[in-house]
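Beneath this line is the structure, given in structure tokens, with notes to follow.
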Amino acid sequence: MKAIEIENLSFKYSEESKYVIKNLSLSVDKGDFLCVLGENGSGKSTLSRLINGLLTPTEGDVKVFGLSVKDKKSVKEIRKKVGIVFQNPDNQMVATIVEDDVAFAPENLGYSSSEIEERINFALDSVNMQKFRYSAGQRLSGGQKQRVAIAGVLAVKPDVLILDESTSMLDPLGREEVLGVVKKLNESGITVISITHYMDEVVNADKVVVLSNGEVVMQGTPSEIFSRKNELKSYGLDIPRATYIASALKERGLDLNGEILTKESLAEELCKLFQKA
């Protein structure tokens, strides 16, 4: 089943401006983990807002579980199905206490008190933040704040979660916290679209799409994308650190097998070599 179907999509912010998205076609299956890469200005964030219905296509269409973002009657339902977590968690917090922040969206959608309570529990349990339920949001770490932001989106129980560079302002520990939560959510059946600059976050995706000037220029599995490192570099992107180290070691004569994308697989291959020695 297709969660997202994008057909010949083009978008510009005004009649006089240039197209930010150009004749883009893409589909995302239900339950997929898609990573979207590209330099600043490539159209990544604009694409996320088009999928969520925050923006309306200039040409073409975006369908979310068959509902068109161009149909004004469907936009409210689409925004329930597609939640976006943005870059800065401080900008997303609307209340001083975590519980109130997570309850904000369900309250505005008019759910009953019992339903709101159930959704708060579901969302906080999903991101392992139940023990911070009555904490002041501004006293939390960056990773914890972003987990609360994800909980606020999950309280609507979306089918699709979009992360728009949601880890870019976090330290390595905070990124690890958030990515662990996102991975579990994806394993539970939620479709994830992650927009990121961190190549190490891409390795567990099902599919990777690279944008340049609003167009899809590369797509495939992480292994397929990172095996084309020279092409990636031409779009201002790099390969994961483990892949870079493995490539350098191979060039120096070490017999490392397979396409190495993670630090774990690199460590495993190095251990095999030491055991042989």
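Numbering starts fresh at 1 for the residues of each chain in the structure tokens, the chains themselves are lettered A, B, ... in the order given, and ligands are numbered from 1 as they appear.
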Exercise for review: Name all residues at most 9 Å from range 175-182 of chain A (count only C-alpha atoms; drop same-chain ones fewer than 2 positions away) and give them as a PyMOL selection string.
Suggested key: chain A and resi 126-128+143-144+146-147+150+161+166-173+184-187+192+201
What are the closest atom pairs, with distances in Å to one decimal, for each residue of range 177-227 of chain A lying within 6 Å of range 18-35 of chain A, using only C-alpha atoms, rows by chain and rising residue number, as CSV?
residue,atom,partner,partner_atom,distance
A:Gly189,CA,A:Gly31,CA,5.0
A:Ile190,CA,A:Gly31,CA,5.4
A:Thr191,CA,A:Gly31,CA,4.2
A:Val192,CA,A:Phe33,CA,4.8
A:Ile193,CA,A:Leu34,CA,4.8
A:Ser194,CA,A:Cys35,CA,4.7
A:Ile195,CA,A:Cys35,CA,5.8
A:Ala205,CA,A:Phe33,CA,5.0
A:Asp206,CA,A:Phe33,CA,5.2
A:Lys207,CA,A:Leu34,CA,5.0
A:Val208,CA,A:Cys35,CA,4.8
A:Gly214,CA,A:Ile21,CA,4.0
A:Glu215,CA,A:Lys22,CA,5.6
Selection file, N, CA, C and O atoms, as a tab-separated table (two decimals), in the first residue's frame:
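Now in selection.tsv:
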chain	number	residue	atom	x	y	z
A	189	GLY	N	5.38	0.15	12.69
A	189	GLY	CA	4.51	0.31	11.53
A	189	GLY	C	4.34	1.72	11.03
A	189	GLY	O	3.71	1.95	9.99
A	190	ILE	N	4.90	2.71	11.74
A	190	ILE	CA	4.79	4.10	11.30
A	190	ILE	C	5.75	4.36	10.14
A	190	ILE	O	6.93	3.97	10.20
A	191	THR	N	5.27	4.97	9.09
A	191	THR	CA	6.11	5.35	7.95
A	191	THR	C	6.94	6.56	8.36
A	191	THR	O	6.41	7.52	8.90
A	192	VAL	N	8.24	6.50	8.11
A	192	VAL	CA	9.15	7.57	8.51
A	192	VAL	C	9.81	8.18	7.28
A	192	VAL	O	10.33	7.46	6.43
A	193	ILE	N	9.78	9.51	7.21
A	193	ILE	CA	10.54	10.25	6.20
A	193	ILE	C	11.49	11.16	6.95
A	193	ILE	O	11.07	12.08	7.66
A	194	SER	N	12.79	10.89	6.83
A	194	SER	CA	13.80	11.63	7.58
A	194	SER	C	14.62	12.50	6.64
A	194	SER	O	15.26	12.00	5.72
A	195	ILE	N	14.58	13.81	6.88
A	195	ILE	CA	15.41	14.76	6.14
A	195	ILE	C	16.61	15.06	7.01
A	195	ILE	O	16.46	15.52	8.15
A	205	ALA	N	18.01	3.15	6.66
A	205	ALA	CA	16.81	3.45	5.86
A	205	ALA	C	16.53	2.35	4.85
A	205	ALA	O	17.43	1.60	4.45
A	206	ASP	N	15.27	2.24	4.43
A	206	ASP	CA	14.92	1.31	3.35
A	206	ASP	C	15.29	1.89	1.99
A	206	ASP	O	15.69	1.17	1.08
A	207	LYS	N	15.16	3.21	1.90
A	207	LYS	CA	15.37	3.88	0.62
A	207	LYS	C	15.93	5.28	0.87
A	207	LYS	O	15.61	5.91	1.87
A	208	VAL	N	16.77	5.74	-0.05
A	208	VAL	CA	17.36	7.08	0.05
A	208	VAL	C	17.06	7.84	-1.24
A	208	VAL	O	17.17	7.28	-2.34
A	214	GLY	N	15.68	20.99	-6.42
A	214	GLY	CA	14.28	20.61	-6.49
A	214	GLY	C	13.97	19.38	-7.30
A	214	GLY	O	12.80	19.04	-7.50
A	215	GLU	N	14.99	18.65	-7.74
A	215	GLU	CA	14.79	17.46	-8.56
A	215	GLU	C	15.42	16.24	-7.90
A	215	GLU	O	16.43	16.36	-7.21
Point to revise | DSSP alpha helix (DSSP H) residues within range 102-273 of chain A, listed as a PyMOL selection string | key: chain A and resi 102-108+113-126+142-154+172-187+222-226+229-234+241-251+263-273
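Using only C-alpha atoms, the smallest distance between any of A:Arg79, A:Ala149, A:Lys73, A:Thr58 and Ala103 in chain A comes from A:Ala149.
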Review point. Which residues come within 10 Å of Leu67 in chain A, counting only C-alpha atoms, excluding same-chain residues fewer than 5 positions away, as a PyMOL selection string?
Key: chain A and resi 3-5+62+73-75+77-78
Practice item. Select from range 68-157 of chain A everything DSSP, run on the backbone, classes as strand (DSSP E), then give the selection as a PyMOL selection string. Key: chain A and resi 68+82-85
Exercise for review: Find the residues near range 249-261 of chain A: any atom within 10 Å, counting only C-alpha atoms, skip ones fewer than 2 places away on the same chain, and give them as a list in words.
Suggested key: Met199, Asp200, Val202, Val203, Asn204, Pro222, Ser223, Glu224, Phe226, Ser227, Ile239, Pro240, Arg241, Ala242, Thr243, Tyr244, Ile245, Ala246, Ser247, Lys263, Glu264, Ser265, Leu266, Ala267, Glu268, Glu269, Leu270, Lys272 and Leu273 of chain A
Exercise for review: Find the residue from A:Thr96, A:Thr262, A:Gln275, A:Asn52 that sits nearest to Ala136 in chain A; use only C-alpha atoms when measuring.
Suggested key: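 The closest residue to Ala136 in chain A is A:Thr96.
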Practice item. List the neighbours of Lys145 in chain A out to 10 Å using only C-alpha atoms; skip same-chain residues closer than 2 positions along the sequence, and give me the result as a PyMOL selection string. Key: chain A and resi 88-90+92-93+98+129+137-143+147-151+170+174+178
Point to revise | 6 Å contact set for Val210 in chain A, only C-alpha atoms, chain neighbours under 2 positions out, as JSON, numbers by chain | key: {"A": [36, 37, 38, 216, 217, 218]}
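Of the listed residues (A:Ala155, A:Met1, A:Leu237, A:Ile162), A:Ala155 comes nearest to Asn108 in chain A; the distances count only C-alpha atoms.
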Check your understanding: CA of Ser42 in chain A and CA of Gly236 in chain A are how many Å apart?
Key -> 10.7 Å
